[in-house]
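Asks: Just one file: upload-v6.cif, with mmCIF, C-alpha atoms.
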```cif
data_upload
#
loop_
_atom_site.label_atom_id
_atom_site.label_comp_id
_atom_site.auth_asym_id
_atom_site.auth_seq_id
_atom_site.Cartn_x
_atom_site.Cartn_y
_atom_site.Cartn_z
CA MET A 9 -8.17 14.92 1.09
CA LEU A 10 -8.99 12.03 3.36
CA ASP A 11 -11.47 12.18 6.20
CA ILE A 12 -9.46 12.63 9.44
CA GLN A 13 -11.70 10.01 11.05
CA ARG A 14 -10.39 7.48 8.55
CA ILE A 15 -6.82 8.26 9.59
CA ARG A 16 -7.71 7.99 13.27
CA GLU A 17 -9.27 4.57 12.73
CA LYS A 18 -6.66 3.06 10.39
CA PRO A 19 -3.37 4.98 10.66
CA GLU A 20 -1.17 2.00 9.75
CA GLU A 21 -3.23 1.30 6.63
CA ILE A 22 -3.05 4.93 5.48
CA ALA A 23 0.71 5.05 6.10
CA ALA A 24 1.14 1.84 4.09
CA VAL A 25 -0.86 3.25 1.16
CA ALA A 26 1.25 6.43 1.23
CA ALA A 27 4.40 4.31 1.10
CA ARG A 28 3.03 2.17 -1.76
CA LYS A 29 2.22 5.34 -3.72
CA LYS A 30 5.70 6.68 -2.95
CA SER A 31 4.08 9.69 -1.28
CA PRO A 32 5.24 9.38 2.32
CA ALA A 33 3.07 11.27 4.80
CA ASP A 34 3.74 11.96 8.49
CA ILE A 35 0.75 10.12 9.95
CA THR A 36 2.18 10.23 13.50
CA ALA A 37 2.48 14.03 13.39
CA ILE A 38 -1.07 14.26 12.00
CA LEU A 39 -2.49 12.19 14.84
CA ASP A 40 -0.53 14.18 17.44
CA LEU A 41 -1.80 17.47 16.01
CA ASP A 42 -5.32 16.12 15.77
CA SER A 43 -5.21 15.02 19.43
CA ARG A 44 -3.86 18.40 20.53
CA ARG A 45 -6.52 20.17 18.46
CA ARG A 46 -9.32 18.15 20.05
CA GLU A 47 -7.98 18.91 23.54
CA ILE A 48 -7.96 22.62 22.71
CA ILE A 49 -11.55 22.41 21.43
CA LYS A 50 -12.61 20.54 24.56
CA GLU A 51 -11.04 23.10 26.89
CA ALA A 52 -12.38 26.05 24.88
CA GLU A 53 -15.91 24.61 25.02
CA ARG A 54 -15.59 24.09 28.78
CA LEU A 55 -14.54 27.70 29.30
CA LYS A 56 -17.31 28.98 27.04
CA ASN A 57 -19.84 27.05 29.11
CA VAL A 58 -18.36 28.62 32.24
CA ARG A 59 -18.56 32.06 30.66
CA ASN A 60 -22.19 31.55 29.67
CA SER A 61 -23.09 30.34 33.14
CA ARG A 62 -21.24 33.18 34.89
CA SER A 63 -22.75 35.75 32.53
CA MET A 64 -26.19 34.69 33.68
CA GLU A 65 -25.05 34.99 37.33
CA ILE A 66 -23.63 38.45 36.67
CA ALA A 67 -26.86 39.57 35.02
CA GLN A 68 -28.84 38.29 38.00
CA LEU A 69 -26.53 40.05 40.51
CA LYS A 70 -26.85 43.31 38.63
CA LYS A 71 -30.60 42.89 38.51
CA GLU A 72 -30.59 42.48 42.29
CA LYS A 73 -28.20 45.47 42.58
CA LYS A 74 -25.48 43.31 44.17
CA ASP A 75 -21.72 43.47 43.69
CA ALA A 76 -20.59 41.52 40.60
CA GLU A 77 -17.07 42.90 40.21
CA SER A 78 -15.25 39.72 41.27
CA LEU A 79 -17.23 37.64 38.76
CA ILE A 80 -16.68 40.25 36.05
CA SER A 81 -12.93 40.14 36.71
CA GLU A 82 -12.99 36.34 36.62
CA MET A 83 -14.86 36.39 33.32
CA LYS A 84 -12.31 38.74 31.79
CA GLN A 85 -9.62 36.16 32.55
CA VAL A 86 -11.82 33.41 31.11
CA SER A 87 -12.43 35.45 27.94
CA ASP A 88 -8.68 36.05 27.58
CA SER A 89 -8.07 32.30 27.94
CA ILE A 90 -10.72 31.53 25.31
CA LYS A 91 -9.11 34.00 22.91
CA GLU A 92 -5.72 32.38 23.48
CA LEU A 93 -7.21 28.92 22.88
CA ASP A 94 -8.92 30.09 19.68
CA GLU A 95 -5.57 31.34 18.40
CA LYS A 96 -3.93 28.02 19.28
CA LEU A 97 -6.77 26.18 17.58
CA ALA A 98 -6.38 28.21 14.38
CA ASP A 99 -2.63 27.56 14.40
CA SER A 100 -2.99 23.82 15.00
CA GLN A 101 -5.69 23.59 12.31
CA GLN A 102 -3.40 25.32 9.82
CA GLN A 103 -0.57 22.92 10.65
CA LEU A 104 -2.92 19.95 10.41
CA ASP A 105 -4.27 21.07 7.03
CA GLY A 106 -0.70 21.43 5.78
CA LEU A 107 0.16 17.86 6.77
CA MET A 108 -3.14 16.45 5.52
CA ALA A 109 -2.54 18.00 2.09
CA HIS A 110 0.38 15.59 1.63
CA VAL A 111 -1.61 12.43 2.42
CA PRO A 112 -2.48 10.60 -0.83
CA ASN A 113 -5.81 9.02 -1.59
CA ILE A 114 -6.49 5.46 -0.49
CA LEU A 115 -6.50 2.69 -3.10
CA HIS A 116 -9.44 0.65 -4.29
CA GLU A 117 -9.23 -3.01 -3.35
CA SER A 118 -8.92 -4.03 -7.02
CA VAL A 119 -5.66 -2.10 -7.54
CA PRO A 120 -2.75 -4.56 -7.94
CA ARG A 121 0.47 -4.41 -5.95
CA GLY A 122 3.66 -3.42 -7.73
CA GLU A 123 6.97 -1.59 -7.56
CA SER A 124 6.78 0.44 -10.78
CA ALA A 125 4.91 0.93 -14.06
CA GLN A 126 6.35 -2.41 -15.14
CA ASP A 127 3.84 -4.04 -12.80
CA ASN A 128 0.75 -2.51 -14.40
CA VAL A 129 -1.72 -5.12 -15.61
CA VAL A 130 -3.03 -5.34 -19.19
CA VAL A 131 -6.79 -5.84 -18.87
CA PHE A 132 -7.90 -5.33 -22.47
CA GLU A 133 -6.43 -5.23 -25.99
CA TRP A 134 -8.10 -4.18 -29.24
CA GLY A 135 -7.15 -4.00 -32.92
CA GLU A 136 -4.34 -5.16 -35.13
CA ALA A 137 -0.95 -3.57 -35.63
CA PRO A 138 -0.39 -2.35 -39.21
CA SER A 139 1.75 -4.51 -41.45
CA PHE A 140 4.15 -2.84 -43.91
CA ASP A 141 6.24 -4.19 -46.80
CA PHE A 142 8.64 -1.28 -46.25
CA LYS A 143 10.51 0.18 -43.31
CA PRO A 144 8.07 2.59 -41.60
CA LYS A 145 9.21 6.14 -40.93
CA ASP A 146 8.73 7.75 -37.53
CA HIS A 147 6.46 10.75 -37.00
CA ILE A 148 9.36 13.19 -37.01
CA GLU A 149 10.55 12.16 -40.48
CA LEU A 150 6.99 11.97 -41.79
CA GLY A 151 5.88 15.27 -40.28
CA THR A 152 8.96 17.07 -41.56
CA ALA A 153 8.78 15.60 -45.08
CA LEU A 154 5.07 16.40 -45.38
CA GLY A 155 5.61 19.92 -44.05
CA ILE A 156 3.00 19.54 -41.32
CA ILE A 157 5.14 19.60 -38.13
CA ASP A 158 7.96 22.08 -37.59
CA PHE A 159 10.11 21.28 -34.58
CA PRO A 160 13.03 23.71 -35.25
CA ARG A 161 10.83 26.78 -35.62
CA GLY A 162 8.82 25.83 -32.53
CA ALA A 163 12.08 25.60 -30.60
CA LYS A 164 13.16 28.98 -32.00
CA ILE A 165 9.95 30.60 -30.83
CA SER A 166 9.54 28.99 -27.39
CA GLY A 167 12.18 26.31 -26.80
CA ALA A 168 12.22 22.53 -27.03
CA GLY A 169 8.88 20.82 -26.49
CA PHE A 170 6.78 23.43 -28.32
CA PRO A 171 6.36 22.13 -31.91
CA VAL A 172 4.44 24.03 -34.59
CA LEU A 173 1.72 22.33 -36.64
CA LYS A 174 1.19 23.74 -40.13
CA GLY A 175 -1.19 23.27 -43.04
CA LYS A 176 -2.72 19.82 -43.03
CA GLY A 177 -1.04 19.11 -39.70
CA ALA A 178 -2.95 21.97 -38.08
CA LEU A 179 -6.09 20.77 -39.86
CA LEU A 180 -5.56 17.24 -38.49
CA GLU A 181 -5.16 18.62 -34.97
CA ARG A 182 -8.37 20.64 -35.26
CA ALA A 183 -10.20 17.67 -36.78
CA LEU A 184 -9.24 15.47 -33.84
CA VAL A 185 -10.42 18.00 -31.26
CA ASN A 186 -13.75 18.51 -33.04
CA PHE A 187 -14.25 14.77 -33.53
CA PHE A 188 -13.57 14.13 -29.84
CA LEU A 189 -15.96 16.87 -28.71
CA ASP A 190 -18.73 15.88 -31.11
CA THR A 191 -18.48 12.23 -30.08
CA HIS A 192 -18.65 12.96 -26.37
CA THR A 193 -21.43 15.54 -26.59
CA GLN A 194 -23.60 13.91 -29.27
CA LYS A 195 -23.01 10.22 -28.59
CA ASN A 196 -21.91 9.95 -24.98
CA GLY A 197 -24.08 12.66 -23.41
CA TYR A 198 -21.48 15.05 -21.99
CA THR A 199 -22.07 18.77 -21.61
CA GLU A 200 -19.35 20.82 -23.29
CA VAL A 201 -17.56 23.52 -21.31
CA PHE A 202 -14.92 25.95 -22.52
CA PRO A 203 -12.89 26.79 -19.39
CA PRO A 204 -10.15 29.29 -18.54
CA PHE A 205 -6.63 28.03 -19.19
CA LEU A 206 -5.24 29.92 -16.18
CA VAL A 207 -6.33 29.05 -12.64
CA ASN A 208 -5.64 30.15 -9.09
CA ARG A 209 -3.94 28.21 -6.32
CA GLU A 210 -7.23 27.14 -4.73
CA SER A 211 -8.28 25.38 -7.92
CA LEU A 212 -5.08 23.37 -8.09
CA TYR A 213 -5.28 22.50 -4.40
CA GLY A 214 -8.87 21.31 -4.89
CA VAL A 215 -7.89 18.60 -7.39
CA GLY A 216 -4.71 17.58 -5.56
CA GLN A 217 -2.17 19.15 -7.95
CA LEU A 218 -0.87 21.43 -5.20
CA PRO A 219 1.22 21.31 -3.16
CA LYS A 220 2.75 18.08 -4.49
CA PHE A 221 3.16 18.93 -8.18
CA GLY A 222 4.01 22.63 -8.06
CA ASP A 223 7.33 22.09 -9.84
CA GLN A 224 5.53 20.61 -12.87
CA MET A 225 3.47 23.71 -13.64
CA TYR A 226 4.08 27.08 -15.28
CA TYR A 227 3.44 29.85 -12.77
CA ILE A 228 2.70 33.51 -13.46
CA GLY A 229 3.91 35.10 -10.24
CA GLU A 230 2.70 38.64 -10.79
CA ASP A 231 -0.89 37.46 -11.13
CA GLU A 232 -0.61 34.36 -8.90
CA LEU A 233 -2.05 32.18 -11.66
CA TYR A 234 -1.00 28.82 -13.07
CA CYS A 235 -1.24 27.49 -16.63
CA ILE A 236 -3.44 24.41 -16.41
CA PRO A 237 -1.86 20.96 -16.82
CA THR A 238 -5.30 19.61 -17.83
CA ALA A 239 -8.88 20.85 -18.10
CA GLU A 240 -9.68 18.59 -15.14
CA VAL A 241 -8.56 21.49 -12.93
CA PRO A 242 -11.01 24.24 -13.98
CA ILE A 243 -13.86 21.80 -14.71
CA THR A 244 -13.74 20.08 -11.30
CA ASN A 245 -13.60 23.49 -9.64
CA LEU A 246 -16.79 24.64 -11.37
CA HIS A 247 -18.64 23.33 -8.30
CA ARG A 248 -16.07 24.17 -5.62
CA ASP A 249 -17.75 25.30 -2.37
CA GLU A 250 -21.19 24.36 -3.72
CA ILE A 251 -23.94 22.06 -2.49
CA LEU A 252 -25.56 20.34 -5.46
CA ASP A 253 -28.99 18.78 -5.60
CA ALA A 254 -28.84 14.99 -5.87
CA SER A 255 -31.13 15.17 -8.90
CA MET A 256 -28.28 16.82 -10.83
CA LEU A 257 -26.08 13.72 -10.56
CA PRO A 258 -24.42 12.32 -12.49
CA ILE A 259 -22.93 15.45 -14.03
CA ASN A 260 -20.85 14.73 -17.15
CA TYR A 261 -18.66 17.49 -18.57
CA CYS A 262 -16.23 17.48 -21.48
CA ALA A 263 -13.85 20.29 -22.32
CA TYR A 264 -11.16 21.12 -24.82
CA SER A 265 -8.09 22.92 -23.53
CA ALA A 266 -4.48 23.50 -24.25
CA CYS A 267 -2.41 21.83 -21.52
CA PHE A 268 0.93 23.04 -20.16
CA ARG A 269 3.46 20.88 -18.32
CA ARG A 270 7.06 21.68 -17.48
CA GLU A 271 7.94 17.96 -17.48
CA ALA A 272 10.50 18.64 -14.76
CA GLY A 273 12.39 15.48 -13.91
CA SER A 274 11.71 13.84 -17.29
CA TYR A 275 15.42 13.23 -17.87
CA GLY A 276 15.91 9.70 -19.15
CA LYS A 277 12.36 9.43 -20.51
CA ASP A 278 11.58 9.34 -24.23
CA THR A 279 11.30 13.03 -25.10
CA LYS A 280 11.91 12.99 -28.84
CA GLY A 281 9.55 14.72 -31.23
CA TYR A 282 5.92 14.75 -30.21
CA LEU A 283 6.20 12.08 -27.50
CA ARG A 284 6.70 14.46 -24.58
CA VAL A 285 5.93 18.13 -25.11
CA HIS A 286 5.33 21.12 -22.87
CA GLN A 287 2.14 22.27 -24.62
CA PHE A 288 -0.48 19.99 -26.14
CA ASN A 289 -4.22 19.83 -26.76
CA LYS A 290 -6.63 17.54 -25.00
CA VAL A 291 -10.33 16.90 -24.56
CA GLU A 292 -11.04 16.05 -20.93
CA LEU A 293 -13.98 14.15 -19.44
CA VAL A 294 -15.08 14.94 -15.87
CA LYS A 295 -17.85 13.27 -13.87
CA PHE A 296 -19.56 14.10 -10.55
CA VAL A 297 -21.44 11.01 -9.35
CA GLU A 298 -23.09 9.42 -6.34
CA PRO A 299 -20.60 7.28 -4.37
CA GLU A 300 -22.62 4.10 -4.82
CA LYS A 301 -22.35 4.42 -8.61
CA SER A 302 -18.80 5.69 -9.03
CA TYR A 303 -17.13 2.46 -10.14
CA GLU A 304 -19.92 1.76 -12.61
CA GLU A 305 -19.37 5.28 -13.94
CA HIS A 306 -15.62 4.65 -14.01
CA GLU A 307 -16.14 1.78 -16.44
CA LYS A 308 -18.41 3.99 -18.59
CA LEU A 309 -15.72 6.68 -18.62
CA ARG A 310 -13.13 4.17 -19.76
CA ALA A 311 -15.49 2.88 -22.48
CA ASP A 312 -16.11 6.43 -23.74
CA ALA A 313 -12.38 7.04 -24.12
CA GLU A 314 -11.80 3.61 -25.70
CA TYR A 315 -14.54 4.26 -28.27
CA ILE A 316 -12.46 7.08 -29.76
CA LEU A 317 -9.51 4.75 -30.33
CA GLN A 318 -11.76 2.15 -31.92
CA ALA A 319 -13.37 4.74 -34.17
CA LEU A 320 -9.88 5.81 -35.32
CA ASN A 321 -9.06 2.11 -35.86
CA LEU A 322 -5.93 2.34 -33.73
CA LYS A 323 -4.61 -0.75 -32.01
CA TYR A 324 -4.55 -0.09 -28.27
CA ARG A 325 -4.42 -1.72 -24.87
CA THR A 326 -5.87 -0.80 -21.48
CA LEU A 327 -3.77 -1.07 -18.34
CA LEU A 328 -4.94 -1.20 -14.74
CA LEU A 329 -2.27 0.73 -12.87
CA CYS A 330 -0.57 -0.85 -9.89
CA ASP A 331 -0.36 0.97 -6.57
CA ALA A 332 3.11 2.39 -7.19
CA ASP A 333 2.01 3.96 -10.50
CA THR A 334 -1.39 5.25 -9.35
CA SER A 335 -1.42 9.03 -8.96
CA PHE A 336 -1.49 10.89 -5.65
CA SER A 337 -5.20 11.74 -5.90
CA ALA A 338 -6.59 8.61 -7.57
CA ALA A 339 -8.12 5.55 -5.93
CA LYS A 340 -7.99 3.58 -9.18
CA CYS A 341 -6.75 4.37 -12.68
CA TYR A 342 -6.76 2.87 -16.16
CA ASP A 343 -4.24 3.98 -18.81
CA LEU A 344 -5.08 3.65 -22.50
CA GLU A 345 -2.09 3.17 -24.78
CA ALA A 346 -2.14 3.40 -28.58
CA TRP A 347 0.30 1.45 -30.75
CA ALA A 348 2.79 3.48 -32.82
CA ALA A 349 4.35 1.43 -35.62
CA ALA A 350 7.69 3.17 -36.09
CA GLU A 351 8.23 3.63 -32.38
CA GLY A 352 7.48 -0.07 -32.03
CA LYS A 353 5.67 0.46 -28.74
CA TYR A 354 2.51 1.63 -27.04
CA LEU A 355 2.07 5.31 -26.15
CA GLU A 356 -0.14 6.54 -23.31
CA VAL A 357 -3.00 8.61 -24.73
CA SER A 358 -5.46 8.62 -21.81
CA SER A 359 -5.72 8.10 -18.08
CA CYS A 360 -9.15 7.38 -16.60
CA SER A 361 -9.23 7.87 -12.84
CA ASN A 362 -11.70 7.52 -9.98
CA PHE A 363 -10.85 9.86 -7.11
CA GLU A 364 -13.77 8.78 -4.91
CA ASP A 365 -14.46 11.71 -2.51
CA PHE A 366 -10.79 12.83 -2.28
CA GLN A 367 -11.12 15.86 -4.58
CA ALA A 368 -14.63 16.69 -3.39
CA ARG A 369 -13.36 17.03 0.19
CA ARG A 370 -10.46 19.24 -0.85
CA ALA A 371 -12.70 21.43 -3.03
CA ASN A 372 -15.67 21.31 -0.62
CA ILE A 373 -18.06 19.98 -3.26
CA ARG A 374 -21.18 18.42 -1.74
CA TYR A 375 -24.65 17.27 -2.69
CA ARG A 376 -27.88 16.77 -0.76
CA ASP A 377 -30.73 14.33 -1.24
CA LYS A 378 -34.28 15.58 -0.73
CA GLY A 379 -35.42 15.06 2.84
CA THR A 380 -31.89 14.82 4.26
CA ASP A 381 -30.17 17.43 6.37
CA LYS A 382 -26.53 16.48 6.07
CA PRO A 383 -24.91 16.91 2.63
CA ARG A 384 -22.57 14.23 1.25
CA PHE A 385 -19.42 14.38 -0.82
CA PRO A 386 -19.86 13.12 -4.40
CA HIS A 387 -17.22 11.07 -6.14
CA THR A 388 -15.28 12.74 -8.95
CA LEU A 389 -13.81 11.01 -11.99
CA ASN A 390 -11.87 12.22 -14.98
CA GLY A 391 -10.25 10.87 -18.12
CA SER A 392 -8.62 12.07 -21.30
CA GLY A 393 -10.92 11.70 -24.21
CA LEU A 394 -8.29 12.06 -25.74
CA ALA A 395 -4.96 13.94 -25.83
CA THR A 396 -4.02 14.76 -29.43
CA ALA A 397 -0.20 14.76 -29.50
CA ARG A 398 0.43 11.02 -29.29
CA ILE A 399 -2.71 10.26 -31.29
CA ILE A 400 -1.12 12.26 -34.13
CA VAL A 401 2.05 10.20 -33.67
CA ALA A 402 0.00 6.98 -33.90
CA ILE A 403 -1.97 8.15 -36.94
CA LEU A 404 1.13 9.29 -38.87
CA GLU A 405 3.07 6.13 -38.13
CA ASN A 406 0.22 3.60 -38.51
CA TYR A 407 -1.48 5.13 -41.55
CA GLN A 408 1.65 5.91 -43.60
CA THR A 409 2.14 4.62 -47.15
CA ALA A 410 5.21 3.44 -49.02
CA GLY A 411 5.21 6.74 -50.92
CA GLY A 412 5.51 8.78 -47.70
CA SER A 413 1.92 10.03 -47.57
CA VAL A 414 -0.50 9.42 -44.69
CA VAL A 415 -4.03 8.10 -45.15
CA VAL A 416 -6.61 10.04 -43.12
CA PRO A 417 -8.78 7.81 -40.85
CA GLU A 418 -12.29 7.68 -42.29
CA VAL A 419 -14.00 9.22 -39.24
CA LEU A 420 -11.81 12.33 -39.55
CA ARG A 421 -12.40 12.99 -43.24
CA PRO A 422 -15.66 14.95 -42.74
CA TYR A 423 -13.71 17.21 -40.36
CA MET A 424 -10.96 17.75 -42.95
CA GLY A 425 -13.10 18.81 -45.91
CA GLY A 426 -13.20 15.28 -47.29
CA LEU A 427 -9.40 14.97 -47.40
CA ALA A 428 -8.50 11.27 -47.67
CA GLU A 429 -4.71 11.49 -47.77
CA ILE A 430 -2.03 13.88 -46.52
CA THR A 431 0.63 14.33 -49.17
CA GLY A 432 3.71 16.50 -49.40
#
```
Output the file's structure in the form of structure tokens.
Replies:
Amino acid sequence: MLDIQRIREKPEEIAAVAARKKSPADITAILDLDSRRREIIKEAERLKNVRNSRSMEIAQLKKEKKDAESLISEMKQVSDSIKELDEKLADSQQQLDGLMAHVPNILHESVPRGESAQDNVVVFEWGEAPSFDFKPKDHIELGTALGIIDFPRGAKISGAGFPVLKGKGALLERALVNFFLDTHTQKNGYTEVFPPFLVNRESLYGVGQLPKFGDQMYYIGEDELYCIPTAEVPITNLHRDEILDASMLPINYCAYSACFRREAGSYGKDTKGYLRVHQFNKVELVKFVEPEKSYEEHEKLRADAEYILQALNLKYRTLLLCDADTSFSAAKCYDLEAWAAAEGKYLEVSSCSNFEDFQARRANIRYRDKGTDKPRFPHTLNGSGLATARIIVAILENYQTAGGSVVVPEVLRPYMGGLAEITG
């Protein structure tokens, strides 16, 4: 959530950012409500001062055994007016909060202008695409022939978008998760957390998923809980409504979780096989940092995610997202895309975002330096480190052999009992 003072000072700029992010917000209505709210506060404070002053007069009259009935009657009317104003204030605040919840985060000055994802800017490329002397198979054909991915039975159990991994496919999935976690905890200095996979509405509001993206999530109405779309949600909310000590920053967390997304509105997108599923596994990286260091930490976050792709020897590129493709809550975002040989294109496997103080304000996360009275909002960052589904697609398609087997990347072999090749 943005600071209301920022909207007061630069309403046109905020409205323009909302339009660029394709998240229109009613800035005029927000300013009108804010003005009305401040007038109510001003009048309520005036009446409370009157009440305090008159109360002292009444006490003095009673002490002197003089008639105070007229003042007492007047104060009853004042108290009734204050109560009415407090009710109006609560109502206007609720309306204001509702409108503010739909205002997207501002954009960092380095974010490029654009109309769609086609205008994202490639800022880095690494690795070589594999070269084959045969026609490469796609991950669906490979996974089916090797008996490691079962799409029909997953659909039978749960519906489309819920594939089953079996045998060495399940082992590969587990190896990836363990490799990701070990790398981030042992090499990159993150603290591992194992969070709940179901969260309440407040947690989703705190990271900016609600109210905007409610239609993308699985909701358990009886318990008023949501299946998480990413571990970013529970991990960021670990410190909701807390005041941290500045000495704790930066805080670096990593977490494995299953992720659940309805993918509503994905019609027309590439949904075949493992490219767009409703349940997948991911290791998430979350940072809480001092504002002055957040963009330095953003680059570290990106480097930590990129290291995984390099260790797997997967060709990839890094995109700086344009304004139109930057998420509602983010001020700046990089996407990492791995090359998949049979698909003949790059697949998004990570997004690394800096939210500045947007999420911290919504979740009321603050920190305090020693010797200071007023706490500050930290900046929050998160990135996938990485999601497994499309990494499996890239590994199967890039590491396949003419005989239909798949070579296991060297860094994963210790996690797969020394297995060097997946065969049928």
Asks: Taking only C-alpha atoms into account, which of A:His147, A:Ser81, A:Lys56, A:Ile12 comes nearest A:Leu104?
Replies: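 Smallest distance to A:Leu104 is found for A:Ile12.
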Asks: One decimal, in Å: what's the spacing between atom CA of A:Leu173 and atom CA of A:Phe142?
Replies: 26.4 Å
Asks: Go through A:Glu300, A:Ala349, A:Ala23, A:Pro219 one by one, measure the shortest atom-to-atom distance of each to A:Lys143 using all atoms listed in the file, and give the residue with the smallest value.
Replies: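 The shortest atom-to-atom distance to A:Lys143 comes from A:Ala349.
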Asks: Excluding A:Phe187 and any residue of its chain fewer than 4 positions from it, enumerate the residues within 12 Å of it, using only C-alpha atoms, and give them as an NGL selection string.
Replies: :A and (179-183 or 191-195 or 264 or 290-291 or 315-317 or 319-320 or 393-394 or 396 or 417-424)
Asks: Hey, what comes out of the PyMOL selection byres ((chain A and resi 15-19) around 9) on this file? Could you write it as a ChimeraX atom specification?
Replies: /A:10-14,20-24,35-36,38-39,42
Asks: Do a neighbour search on A:Thr152 at 10 Å with all atoms listed in the file, toss out local chain neighbours closer than 6 positions, and write the hits as a list in words.
Replies: Asp158, Phe159 and Gly432 of chain A
Asks: Could you dump the residues just selected with C-alpha atoms as a short mmCIF file (atom, residue, chain, number, x, y, z; two decimals), in the coordinates of the input?
Replies:
```cif
data_model
loop_
_atom_site.label_atom_id
_atom_site.label_comp_id
_atom_site.auth_asym_id
_atom_site.auth_seq_id
_atom_site.Cartn_x
_atom_site.Cartn_y
_atom_site.Cartn_z
CA ASP A 158 7.96 22.08 -37.59
CA PHE A 159 10.11 21.28 -34.58
CA GLY A 432 3.71 16.50 -49.40
#
```
Asks: Given 3 Å on each side, where is the centre and what are the edge lengths in Å to one decimal of the axis-aligned box enclosing the listed atoms of stretch 365-372 of chain A, as lines of an AutoDock Vina configuration file?
Replies:
```
center_x = -13.1
center_y = 16.6
center_z = -2.2
size_x = 11.2
size_y = 15.7
size_z = 10.8
```
